[in-house]
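What follows is the content of query.txt (compact mmCIF, C-alpha atoms and all ligand atoms).
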# COMPACT_ATOMS: atom_id res chain seq x y z
CA MET A 251 102.27 86.29 67.99
CA THR A 252 100.13 89.32 68.70
CA THR A 253 96.49 88.59 69.46
CA ALA A 254 93.58 90.89 70.18
CA VAL A 255 90.42 89.80 72.01
CA LEU A 256 87.48 92.08 71.27
CA GLY A 257 83.81 92.00 72.24
CA LEU A 258 81.63 92.23 69.12
CA GLN A 259 78.31 93.06 70.82
CA TRP A 260 77.29 95.40 73.67
CA GLY A 261 79.92 94.19 76.15
CA ASP A 262 79.75 91.27 78.59
CA GLU A 263 80.38 88.69 75.86
CA GLY A 264 82.54 86.58 78.19
CA LYS A 265 85.90 88.04 77.17
CA GLY A 266 87.49 87.26 80.55
CA LYS A 267 87.40 83.51 80.07
CA VAL A 268 88.77 83.77 76.53
CA VAL A 269 91.58 86.07 77.64
CA ASP A 270 92.39 83.54 80.35
CA LEU A 271 92.46 80.76 77.77
CA LEU A 272 94.41 82.56 75.03
CA GLY A 273 96.65 84.41 77.46
CA LYS A 274 98.28 81.35 78.98
CA ASP A 275 101.41 81.86 76.85
CA ALA A 276 101.30 85.64 76.72
CA ASP A 277 104.39 87.57 77.72
CA PHE A 278 102.34 90.76 77.86
CA ALA A 279 98.63 91.41 78.47
CA VAL A 280 97.62 94.91 77.45
CA ARG A 281 94.61 97.10 78.20
CA PHE A 282 94.36 99.84 75.59
CA HIS A 283 91.02 101.64 76.05
CA GLY A 284 88.17 102.40 78.43
CA GLY A 285 88.44 102.59 82.18
CA ASN A 286 86.96 101.00 85.27
CA ASN A 287 83.52 100.89 83.62
CA ALA A 288 84.69 97.47 82.40
CA GLY A 289 84.82 94.52 84.74
CA HIS A 290 85.95 90.93 84.89
CA THR A 291 85.67 88.22 87.50
CA VAL A 292 88.78 86.41 88.63
CA VAL A 293 88.88 83.41 90.95
CA ILE A 294 91.93 83.31 93.26
CA LYS A 295 92.25 80.39 95.69
CA ASP A 296 88.51 79.66 95.42
CA LYS A 297 87.64 83.29 96.17
CA LYS A 298 85.86 85.42 93.58
CA PHE A 299 87.22 88.91 92.87
CA PHE A 300 86.04 91.64 90.53
CA PHE A 301 88.71 93.63 88.71
CA HIS A 302 88.15 96.64 86.51
CA LEU A 303 91.55 97.95 85.46
CA ILE A 304 94.27 95.39 85.97
CA PRO A 305 94.61 93.26 82.82
CA SER A 306 93.30 89.71 83.44
CA GLY A 307 96.53 88.31 81.98
CA VAL A 308 98.63 89.25 85.03
CA PHE A 309 97.22 86.21 86.83
CA ASN A 310 99.46 84.02 84.68
CA LYS A 311 102.87 83.59 86.22
CA LYS A 312 104.97 84.85 83.34
CA THR A 313 102.61 87.51 81.96
CA ILE A 314 103.35 91.18 82.44
CA GLY A 315 100.32 93.50 82.56
CA VAL A 316 100.38 96.79 80.68
CA ILE A 317 97.89 99.64 81.00
CA GLY A 318 98.35 101.56 77.76
CA ASN A 319 97.89 105.27 77.15
CA GLY A 320 94.32 104.83 75.84
CA VAL A 321 93.02 103.79 79.27
CA ILE A 322 91.63 106.36 81.69
CA ILE A 323 92.43 105.55 85.30
CA ASP A 324 90.68 106.07 88.60
CA LEU A 325 93.75 105.73 90.79
CA GLU A 326 91.77 104.85 93.91
CA VAL A 327 90.24 101.88 92.10
CA LEU A 328 93.62 100.81 90.73
CA LEU A 329 95.24 100.99 94.16
CA ASP A 330 92.38 98.98 95.64
CA GLU A 331 93.01 96.27 93.04
CA ILE A 332 96.78 96.31 93.69
CA ASN A 333 96.12 96.04 97.46
CA THR A 334 93.59 93.23 97.04
CA LEU A 335 96.22 91.26 95.17
CA LYS A 336 98.85 92.08 97.79
CA SER A 337 96.57 90.66 100.47
CA GLU A 338 96.39 87.47 98.39
CA GLU A 339 100.22 87.46 98.27
CA ILE A 340 100.33 88.44 94.59
CA SER A 341 102.85 91.20 94.04
CA LEU A 342 102.65 93.36 90.91
CA LYS A 343 106.22 94.62 91.28
CA ASN A 344 107.74 94.37 87.79
CA LYS A 345 104.45 92.69 86.72
CA LEU A 346 102.41 95.81 85.98
CA PHE A 347 103.36 98.86 83.95
CA ILE A 348 101.28 101.97 83.37
CA SER A 349 101.70 104.63 80.69
CA PRO A 350 102.33 108.18 81.94
CA ARG A 351 100.02 109.27 79.10
CA CYS A 352 96.93 107.76 80.76
CA HIS A 353 94.38 110.39 81.72
CA LEU A 354 93.06 110.40 85.27
CA ILE A 355 89.44 110.03 86.32
CA LEU A 356 89.20 112.56 89.13
CA PRO A 357 86.49 113.05 91.77
CA TYR A 358 84.83 115.86 89.82
CA HIS A 359 84.41 113.56 86.78
CA LYS A 360 82.35 111.14 88.85
CA ALA A 361 80.31 114.01 90.34
CA LEU A 362 79.61 115.38 86.86
CA ASP A 363 78.73 111.95 85.42
CA GLU A 364 76.09 111.56 88.15
CA ALA A 365 74.90 115.13 87.75
CA TYR A 366 74.42 114.83 83.96
CA GLU A 367 72.53 111.56 84.37
CA LYS A 368 70.29 113.12 87.01
CA MET A 369 69.57 116.10 84.78
CA ARG A 370 68.73 113.84 81.83
CA GLY A 371 65.94 112.40 83.99
CA LYS A 372 63.81 109.98 81.97
CA GLU A 373 66.34 110.28 79.12
CA ALA A 374 69.24 109.09 81.32
CA LEU A 375 71.76 107.04 79.35
CA GLY A 376 72.38 104.53 82.14
CA THR A 377 76.14 105.13 82.43
CA THR A 378 78.13 103.19 84.98
CA GLY A 379 78.59 106.43 86.96
CA ARG A 380 82.36 106.00 86.98
CA GLY A 381 83.13 109.40 85.43
CA ILE A 382 84.00 107.96 82.01
CA GLY A 383 82.27 110.48 79.70
CA PRO A 384 83.37 113.62 81.61
CA CYS A 385 86.96 112.35 81.81
CA PHE A 386 87.16 111.70 78.06
CA ALA A 387 85.47 115.08 77.47
CA ASP A 388 88.24 116.77 79.47
CA LYS A 389 90.84 114.80 77.53
CA VAL A 390 89.70 116.09 74.14
CA SER A 391 89.03 119.63 75.35
CA TYR A 392 92.60 119.94 76.71
CA ASN A 393 91.32 120.03 80.28
CA GLY A 394 92.52 116.55 81.20
CA ILE A 395 95.22 115.63 83.69
CA ARG A 396 97.52 112.71 83.04
CA ILE A 397 99.70 110.44 85.16
CA TYR A 398 102.55 112.53 83.75
CA GLU A 399 101.35 115.49 85.80
CA LEU A 400 100.80 113.36 88.88
CA ILE A 401 104.43 112.28 88.74
CA HIS A 402 105.49 115.92 88.37
CA PHE A 403 103.37 116.84 91.34
CA ASP A 404 103.84 120.62 91.09
CA LEU A 405 102.06 120.40 87.71
CA PHE A 406 99.31 118.28 89.22
CA GLU A 407 98.73 120.79 92.02
CA GLU A 408 98.44 123.62 89.54
CA LYS A 409 96.21 121.82 87.03
CA PHE A 410 94.01 120.05 89.56
CA GLY A 411 93.43 123.31 91.45
CA PHE A 412 92.45 125.12 88.24
CA GLN A 413 90.14 122.35 86.98
CA ALA A 414 88.52 121.70 90.36
CA GLU A 415 87.68 125.39 90.69
CA ILE A 416 85.92 125.38 87.32
CA LYS A 417 84.09 122.16 88.13
CA ASN A 418 83.11 123.49 91.56
CA LYS A 419 81.36 126.41 89.85
CA ILE A 420 79.29 123.93 87.84
CA LEU A 421 78.62 121.71 90.87
CA LYS A 422 77.61 124.76 92.92
CA SER A 423 75.12 125.87 90.27
CA LEU A 424 73.55 122.42 90.53
CA ASP A 425 73.47 122.48 94.34
CA LEU A 426 75.89 119.57 94.53
CA LYS A 427 78.70 118.83 96.96
CA LEU A 428 81.88 120.70 96.04
CA ILE A 429 85.35 119.20 95.67
CA ASN A 430 87.58 119.92 98.65
CA ILE A 431 90.73 120.85 96.73
CA LYS A 432 93.16 120.82 99.67
CA GLN A 433 91.95 117.47 100.93
CA GLU A 434 92.12 115.92 97.46
CA LEU A 435 95.65 117.19 96.87
CA THR A 436 96.83 115.59 100.14
CA LYS A 437 95.18 112.33 99.06
CA TYR A 438 96.73 112.40 95.57
CA LYS A 439 100.21 113.15 96.93
CA LYS A 440 100.03 109.85 98.83
CA ILE A 441 98.63 108.05 95.79
CA LYS A 442 101.48 109.40 93.62
CA ASP A 443 104.11 107.72 95.80
CA LYS A 444 102.31 104.38 95.51
CA ILE A 445 101.72 104.56 91.74
CA GLU A 446 105.07 105.96 90.59
CA PRO A 447 106.97 102.63 90.67
CA TYR A 448 104.59 101.23 88.02
CA VAL A 449 104.91 104.11 85.55
CA VAL A 450 107.10 103.53 82.49
CA ASP A 451 107.07 104.39 78.77
CA THR A 452 104.81 101.48 77.80
CA TYR A 453 105.14 102.31 74.10
CA ALA A 454 108.88 101.49 74.16
CA LEU A 455 108.19 98.37 76.25
CA LEU A 456 105.68 97.02 73.71
CA TYR A 457 107.67 98.09 70.69
CA ASP A 458 110.72 96.16 71.95
CA ALA A 459 108.58 93.18 72.95
CA HIS A 460 107.12 93.01 69.47
CA ARG A 461 110.55 93.25 67.84
CA GLN A 462 111.67 90.36 70.01
CA ASN A 463 108.68 88.29 68.85
CA LYS A 464 107.15 88.13 72.31
CA ASN A 465 103.56 87.01 72.69
CA ILE A 466 101.34 90.02 73.22
CA LEU A 467 97.64 89.83 74.05
CA PHE A 468 95.43 92.89 73.75
CA GLU A 469 92.45 92.73 76.09
CA GLY A 470 89.46 94.59 74.69
CA ALA A 471 86.90 95.97 77.12
CA HIS A 472 83.19 96.75 76.49
CA GLY A 473 82.02 95.89 72.95
CA THR A 474 81.92 97.22 69.40
CA MET A 475 78.28 98.33 69.72
CA LEU A 476 79.35 100.75 72.49
CA ASP A 477 82.14 102.37 70.44
CA ILE A 478 82.01 106.17 70.66
CA ASP A 479 81.92 106.51 66.85
CA TRP A 480 80.22 103.31 65.75
CA SER A 481 77.45 102.93 68.32
CA PRO A 482 74.09 104.68 68.08
CA TYR A 483 75.62 107.72 69.86
CA PRO A 484 74.95 108.94 72.58
CA TYR A 485 74.14 105.40 73.76
CA SER A 486 77.86 104.73 73.80
CA THR A 487 80.84 104.52 76.06
CA GLY A 488 83.54 107.19 75.89
CA SER A 489 86.23 105.31 73.99
CA ASN A 490 86.76 103.60 70.66
CA THR A 491 86.37 99.89 71.24
CA VAL A 492 87.30 98.66 67.75
CA THR A 493 90.61 97.25 66.50
CA GLY A 494 91.82 100.74 65.54
CA ALA A 495 91.94 101.65 69.24
CA ILE A 496 94.84 99.22 69.72
CA ASN A 497 97.11 101.51 67.75
CA THR A 498 96.00 104.76 69.36
CA GLY A 499 95.73 103.22 72.85
CA SER A 500 99.04 101.36 72.97
CA GLY A 501 101.18 102.56 70.08
CA LEU A 502 101.53 99.21 68.33
CA PRO A 503 100.65 99.42 64.61
CA ILE A 504 97.53 97.54 63.51
CA LYS A 505 99.63 95.68 60.95
CA SER A 506 101.50 93.98 63.79
CA ILE A 507 98.36 92.20 65.04
CA ASP A 508 98.32 88.61 63.77
CA ARG A 509 94.99 87.42 65.15
CA ILE A 510 91.84 89.36 65.99
CA VAL A 511 89.50 87.18 67.99
CA GLY A 512 85.91 88.41 68.13
CA ILE A 513 83.90 87.28 71.13
CA VAL A 514 80.22 86.64 70.44
CA LYS A 515 77.73 85.57 73.08
CA ALA A 516 75.20 83.08 71.68
CA TYR A 517 72.48 85.65 72.41
CA THR A 518 72.59 89.41 73.06
CA SER A 519 72.70 91.46 76.24
CA ARG A 520 72.95 95.12 77.01
CA VAL A 521 73.16 97.03 80.28
CA GLY A 522 71.96 100.63 80.42
CA GLY A 523 69.72 102.57 78.05
CA GLY A 524 69.62 102.72 74.26
CA PRO A 525 68.08 100.67 71.50
CA LEU A 526 68.40 96.88 71.45
CA PRO A 527 66.61 95.76 68.25
CA THR A 528 66.27 92.07 69.18
CA GLU A 529 65.28 92.61 72.83
CA ILE A 530 63.24 89.83 74.47
CA GLU A 531 60.74 90.76 77.19
CA GLY A 532 58.88 88.78 79.83
CA GLY A 533 59.36 85.25 81.14
CA LEU A 534 61.87 84.06 78.56
CA ALA A 535 64.09 87.12 79.12
CA LYS A 536 63.99 86.42 82.85
CA LYS A 537 64.89 82.79 82.29
CA ILE A 538 67.89 83.66 80.08
CA ARG A 539 69.01 86.41 82.47
CA GLU A 540 68.98 84.08 85.46
CA LYS A 541 70.59 81.15 83.68
CA GLY A 542 73.26 83.36 82.09
CA HIS A 543 73.83 85.38 85.31
CA GLU A 544 73.26 88.51 83.30
CA TYR A 545 73.94 91.13 85.94
CA GLY A 546 76.57 93.89 85.48
CA THR A 547 80.03 93.16 86.96
CA THR A 548 80.61 96.85 87.62
CA THR A 549 77.17 98.01 88.77
CA GLY A 550 75.21 94.82 89.49
CA ARG A 551 72.37 96.05 87.25
CA PRO A 552 70.21 93.40 85.52
CA ARG A 553 71.16 93.18 81.84
CA ARG A 554 68.56 93.38 79.08
CA VAL A 555 68.67 90.30 76.84
CA GLY A 556 67.84 89.64 73.21
CA TRP A 557 68.22 87.23 70.32
CA LEU A 558 71.51 87.01 68.46
CA ASP A 559 71.75 89.92 66.05
CA LEU A 560 73.70 89.01 62.90
CA ALA A 561 72.86 92.33 61.23
CA ALA A 562 74.91 94.11 63.90
CA LEU A 563 77.51 91.35 64.09
CA LYS A 564 78.29 91.43 60.37
CA PHE A 565 79.23 95.06 60.80
CA SER A 566 81.34 94.23 63.88
CA CYS A 567 83.29 91.56 62.02
CA GLN A 568 83.97 93.90 59.11
CA ILE A 569 85.06 96.95 61.06
CA ASN A 570 87.32 94.94 63.37
CA ASN A 571 88.79 92.71 60.65
CA VAL A 572 87.99 89.71 62.83
CA THR A 573 90.02 86.60 61.98
CA ASP A 574 88.05 84.11 64.09
CA ILE A 575 85.18 83.99 66.53
CA VAL A 576 84.76 82.49 69.97
CA LEU A 577 81.10 81.74 70.61
CA THR A 578 80.31 81.91 74.34
CA LYS A 579 77.48 80.88 76.67
CA LEU A 580 75.85 78.53 74.17
CA ASP A 581 74.77 76.34 77.13
CA VAL A 582 72.45 79.14 78.32
CA LEU A 583 70.15 78.50 75.33
CA SER A 584 69.60 74.81 76.21
CA GLY A 585 65.93 74.35 77.02
CA VAL A 586 64.67 77.31 74.96
CA PRO A 587 62.05 75.62 72.72
CA SER A 588 62.69 77.72 69.62
CA VAL A 589 65.64 80.02 69.11
CA LYS A 590 65.67 83.05 66.84
CA ILE A 591 68.49 84.74 64.98
CA CYS A 592 68.12 88.19 63.47
CA VAL A 593 69.45 88.12 59.90
CA GLY A 594 68.64 91.67 58.83
CA TYR A 595 66.59 94.78 59.55
CA LYS A 596 63.56 96.28 57.81
CA LEU A 597 62.42 99.86 58.12
CA GLY A 598 59.36 101.21 56.28
CA GLY A 599 59.20 97.97 54.28
CA LYS A 600 62.79 98.33 53.03
CA LYS A 601 65.97 96.54 54.14
CA ILE A 602 68.42 98.68 56.08
CA ASP A 603 71.99 98.02 57.28
CA TYR A 604 73.20 98.45 60.85
CA SER A 605 75.70 101.11 59.74
CA ALA A 606 72.92 103.25 58.25
CA CYS A 607 71.01 103.39 61.53
CA GLY A 608 71.05 105.99 64.28
CA TYR A 609 69.33 105.35 67.62
CA ARG A 610 65.96 106.43 66.25
CA GLU A 611 66.02 103.86 63.40
CA LEU A 612 67.37 101.10 65.66
CA ALA A 613 64.53 101.69 68.10
CA ILE A 614 61.72 101.36 65.53
CA LEU A 615 63.00 98.96 62.85
CA THR A 616 61.73 95.42 62.51
CA PRO A 617 64.27 92.62 62.85
CA ILE A 618 64.02 89.86 60.25
CA TYR A 619 64.26 86.56 62.10
CA LYS A 620 65.16 83.02 61.18
CA THR A 621 63.72 80.60 63.71
CA PHE A 622 65.49 77.37 64.75
CA ASP A 623 64.17 74.44 66.75
CA GLY A 624 65.88 74.48 70.12
CA TRP A 625 67.64 71.70 72.02
CA SER A 626 66.85 70.55 75.52
CA GLU A 627 70.05 68.68 76.40
CA ASP A 628 72.57 70.02 78.90
CA ILE A 629 75.68 70.64 76.79
CA THR A 630 78.07 71.78 79.51
CA ASN A 631 80.07 68.53 79.53
CA ILE A 632 80.39 68.14 75.77
CA ARG A 633 83.89 68.72 74.34
CA ASN A 634 83.44 67.52 70.74
CA VAL A 635 81.29 69.44 68.29
CA ASN A 636 79.90 66.20 66.79
CA ASN A 637 78.40 65.29 70.16
CA LEU A 638 76.36 68.47 70.38
CA PRO A 639 72.62 68.08 69.70
CA LYS A 640 71.95 68.37 65.95
CA ASN A 641 69.86 71.56 66.38
CA CYS A 642 72.68 73.12 68.31
CA GLN A 643 75.17 72.24 65.56
CA LYS A 644 72.81 73.82 63.02
CA TYR A 645 72.76 77.02 65.10
CA ILE A 646 76.58 77.23 65.12
CA LYS A 647 76.92 76.45 61.41
CA PHE A 648 74.35 79.06 60.47
CA ILE A 649 76.17 81.81 62.39
CA GLU A 650 79.46 80.87 60.78
CA SER A 651 78.00 80.80 57.28
CA GLN A 652 76.31 84.18 57.70
CA LEU A 653 79.29 85.97 59.21
CA GLN A 654 81.76 84.26 56.91
CA VAL A 655 84.30 84.12 59.72
CA PRO A 656 85.36 80.79 61.23
CA ILE A 657 84.23 79.96 64.76
CA SER A 658 87.36 78.57 66.46
CA ILE A 659 86.06 77.85 69.96
CA VAL A 660 82.62 77.33 71.51
CA SER A 661 82.41 77.88 75.27
CA VAL A 662 79.76 75.79 77.01
CA SER A 663 80.06 76.85 80.66
CA PRO A 664 82.04 79.30 82.83
CA GLU A 665 84.33 76.41 83.81
CA ARG A 666 87.89 76.99 82.47
CA SER A 667 88.06 73.75 80.53
CA ALA A 668 84.51 73.81 79.15
CA ASN A 669 85.46 74.53 75.54
CA ILE A 670 84.89 72.89 72.21
CA PHE A 671 87.73 73.52 69.78
CA LEU A 672 86.62 73.52 66.16
P1 LIG A 701 79.90 104.65 80.64
O1 LIG A 701 80.91 103.89 79.88
O2 LIG A 701 79.98 104.44 82.13
O3 LIG A 701 79.90 106.10 80.30
O4 LIG A 701 78.45 104.10 80.24
C1 LIG A 701 77.92 104.30 78.94
C2 LIG A 701 77.18 103.05 78.48
O5 LIG A 701 78.10 101.99 78.22
C3 LIG A 701 76.19 102.49 79.50
O6 LIG A 701 75.06 101.98 78.81
C4 LIG A 701 76.96 101.37 80.16
O7 LIG A 701 76.12 100.40 80.72
C5 LIG A 701 77.74 100.83 78.96
N1 LIG A 701 78.97 100.13 79.31
C6 LIG A 701 80.18 100.65 79.57
N2 LIG A 701 81.08 99.69 79.80
C7 LIG A 701 80.45 98.52 79.67
C8 LIG A 701 80.86 97.14 79.77
O8 LIG A 701 82.03 96.81 80.02
N3 LIG A 701 79.88 96.20 79.57
C9 LIG A 701 78.60 96.54 79.25
N4 LIG A 701 78.18 97.79 79.15
C10 LIG A 701 79.09 98.78 79.35
Can you give me the file's structure in the form of structure tokens?
Ligand code: IMP
Amino acid sequence: MTTAVLGLQWGDEGKGKVVDLLGKDADFAVRFHGGNNAGHTVVIKDKKFFFHLIPSGVFNKKTIGVIGNGVIIDLEVLLDEINTLKSEEISLKNKLFISPRCHLILPYHKALDEAYEKMRGKEALGTTGRGIGPCFADKVSYNGIRIYELIHFDLFEEKFGFQAEIKNKILKSLDLKLINIKQELTKYKKIKDKIEPYVVDTYALLYDAHRQNKNILFEGAHGTMLDIDWSPYPYSTGSNTVTGAINTGSGLPIKSIDRIVGIVKAYTSRVGGGPLPTEIEGGLAKKIREKGHEYGTTTGRPRRVGWLDLAALKFSCQINNVTDIVLTKLDVLSGVPSVKICVGYKLGGKKIDYSACGYRELAILTPIYKTFDGWSEDITNIRNVNNLPKNCQKYIKFIESQLQVPISIVSVSPERSANIFL
């Protein structure tokens, strides 16, 4: 069985818990896109840890973690995560494999990410500052450096030196701190020795695993609404976040994916700039943010919140070929007197689809809402859908009927077992 878990909104849908749940029997857990701009919380021996690169699945005893070629890697962050696990007596030897095709996020990418944001001023995009955009830009302009070069260190020295010199010219023109090439090369030589044991041809590994009918779980990061092609660009992240990225970012054909699980938070959140058509302001937003702990895992920034947006979600389900939905954080809406769902958009008096909108349209259109009576009961201990308050059941049924995709699980608290199976 090959399963993909994908966020259908703007990220932070609660994918980590679902991966944990669906990954229990996985032989392989695979990251296939993005970088350390993503983040998930993992609890080890009652201690909370934040991981950004290591697939969540590796915390299961039998699961092997794979970082596929579509992921861009900040090796210092990856080593930090490996060392954190070592200090908790979790060894990743023969448990983690990294593709030599992964591009590297290098110090000048982070410097440029910050510099571009600073220059954008009031128009800043609100990136995570992790060097994501500049790294992907180097990848597609043939200026990138991969793990392949790191392993063949003479190539790394040559390419890094050349790239850092170019980037230093840009940094100098902006009065920013330059990259110390010699110092960085000494640092990366040490990193190479530590990373090399994890590097294998992950394509062959996954291809064989699939032929042997192993269970493979693809862990999506971010969300469909941040996809580089399908978001209101430039309010995007640097990678494709849709199902198609599984093929390009790991090598496994799309046809080999049996189940595509779309994760939908019962309301909307977004961190960073860009349009959010159903955004809620004021006291209610604050209440939802606090109750839902809506603060970024990577940057700690408060997330903007909004009503559930079915106009955007319909598009997400279609483009990803979602087979079933996991609805998360429904408990956060308990106590909201009336709950709205956006069922479409209007612009200039006419209906308009999500896919027809750029950032300008999304910022000025009028969402069409359906309003539901809320429910006041705490639902965190309910495990049977029939025991949910009637208004809450209506909310679930309406989403399912509009998206025309079955909801398979409803998550009602961060607790591992707090799930309602439908
Ligand atoms: P970047 O990916 O750091 O370049 O940031 C671009 C945009 O994507 C910003 O608005 C970020 O806040 C957003 N973003 C990137 N990754 C995530 C994520 O995992 N969750 C939520 N937002 C994200």
State, in Å with one decimal place, the distance from atom CA of Lys537 of chain A to atom CA of Gly264 of chain A.
-> 18.5 Å
Expected answer as a VMD selection string: residues within 7 Å of ligand LIG 701 (chain A), only C-alpha atoms and all ligand atoms = chain A and resid 260 to 262 287 to 289 375 to 383 471 to 473 476 485 to 488 520 to 523
Can you tell me, as a VMD selection string, which residues sit within 9 Å of (87.3, 94.7, 64.7) in the file's frame, using all atoms listed in the file?
-> chain A and resid 256 to 258 474 491 to 494 510 to 512 565 to 573
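With all atoms listed in the file as the atoms that count, the minimum distance from Arg351 of chain A to the choices A:Arg396, A:His543, A:Lys515, A:Lys298 is reached by A:Arg396.
The shortest atom-to-atom distance to Lys437 of chain A, with all atoms listed in the file taken into account, belongs to A:Leu400 out of A:Ser306, A:Leu400, A:Asp508, A:Thr547.
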Any idea what's packed within 10 Å of His283 of chain A, counting all atoms listed in the file, ignoring anything in its chain fewer than 5 positions away? Could you give it as a PyMOL selection string?
-> chain A and resi 288+317-322+352+469-472+488-492+495-496+498-500
Excluding same-chain residues fewer than 3 positions from segment 580-597 of chain A, what lies within 8 Å of it counting all atoms listed in the file, as JSON, numbers by chain?
-> {"A": [515, 516, 528, 538, 541, 542, 557, 558, 559, 560, 561, 577, 600, 601, 602, 603, 604, 611, 614, 615, 616, 617, 618, 619, 620, 621, 622, 623, 624, 625, 626, 627, 628, 629, 630, 660, 661, 662, 663]}
Any idea what's packed within 10 Å of Phe309 of chain A, counting all atoms listed in the file, ignoring anything in its chain fewer than 4 positions away? Could you give it as a PyMOL selection string?
-> chain A and resi 270+273-274+279+292-294+304-305+313-315+335+340+342+345
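With only C-alpha atoms as the atoms that count, the minimum distance from Tyr645 of chain A to the choices A:Tyr517, A:Glu529, A:Tyr609, A:Leu271 is reached by A:Tyr517.
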Long-range neighbours of Tyr438 of chain A as a PyMOL selection string, 10 Å cut-off, only C-alpha atoms, 2 positions minimum in chain | chain A and resi 325-326+356+400+403+406-407+433-436+440-444
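When atom CA of Gly285 of chain A is paired with atom CA of Glu339 of chain A, their separation reads 25.0 Å.
The gap separating atom CA of Arg539 of chain A from atom CA of Pro552 of chain A is 7.7 Å, in Å to one decimal.
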Could you please give me, as a PyMOL selection string, the residues of protein, DNA or RNA lying at most 9 Å from (86.5, 118.4, 97.7) in the coordinate frame of the file, considering only C-alpha atoms?
-> chain A and resi 357-358+414+418+427-434
Written file, previous selection with C-alpha atoms, as a PDB file, in the coordinates of the input:
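again03.pdb was written with the following content:
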ATOM      1  CA  PRO A 357      86.490 113.050  91.770  1.00  0.00           C
ATOM      2  CA  TYR A 358      84.830 115.860  89.820  1.00  0.00           C
ATOM      3  CA  ALA A 414      88.520 121.700  90.360  1.00  0.00           C
ATOM      4  CA  ASN A 418      83.110 123.490  91.560  1.00  0.00           C
ATOM      5  CA  LYS A 427      78.700 118.830  96.960  1.00  0.00           C
ATOM      6  CA  LEU A 428      81.880 120.700  96.040  1.00  0.00           C
ATOM      7  CA  ILE A 429      85.350 119.200  95.670  1.00  0.00           C
ATOM      8  CA  ASN A 430      87.580 119.920  98.650  1.00  0.00           C
ATOM      9  CA  ILE A 431      90.730 120.850  96.730  1.00  0.00           C
ATOM     10  CA  LYS A 432      93.160 120.820  99.670  1.00  0.00           C
ATOM     11  CA  GLN A 433      91.950 117.470 100.930  1.00  0.00           C
ATOM     12  CA  GLU A 434      92.120 115.920  97.460  1.00  0.00           C
TER      13      GLU A 434
END
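Proximity ranking of A:Tyr453, A:Tyr545, A:Phe301, A:Tyr366 relative to Ile332 of chain A places A:Phe301 first, based on all atoms listed in the file.
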Closest of A:Lys368, A:His460, A:Lys564, A:His302 to Leu426 of chain A - atom-to-atom distances counting all atoms listed in the file = A:Lys368
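Distances here use all atoms listed in the file; by that measure, the residue among A:Ser349, A:Gln259, A:Ser658, A:Thr549 closest to Pro447 of chain A is A:Ser349.
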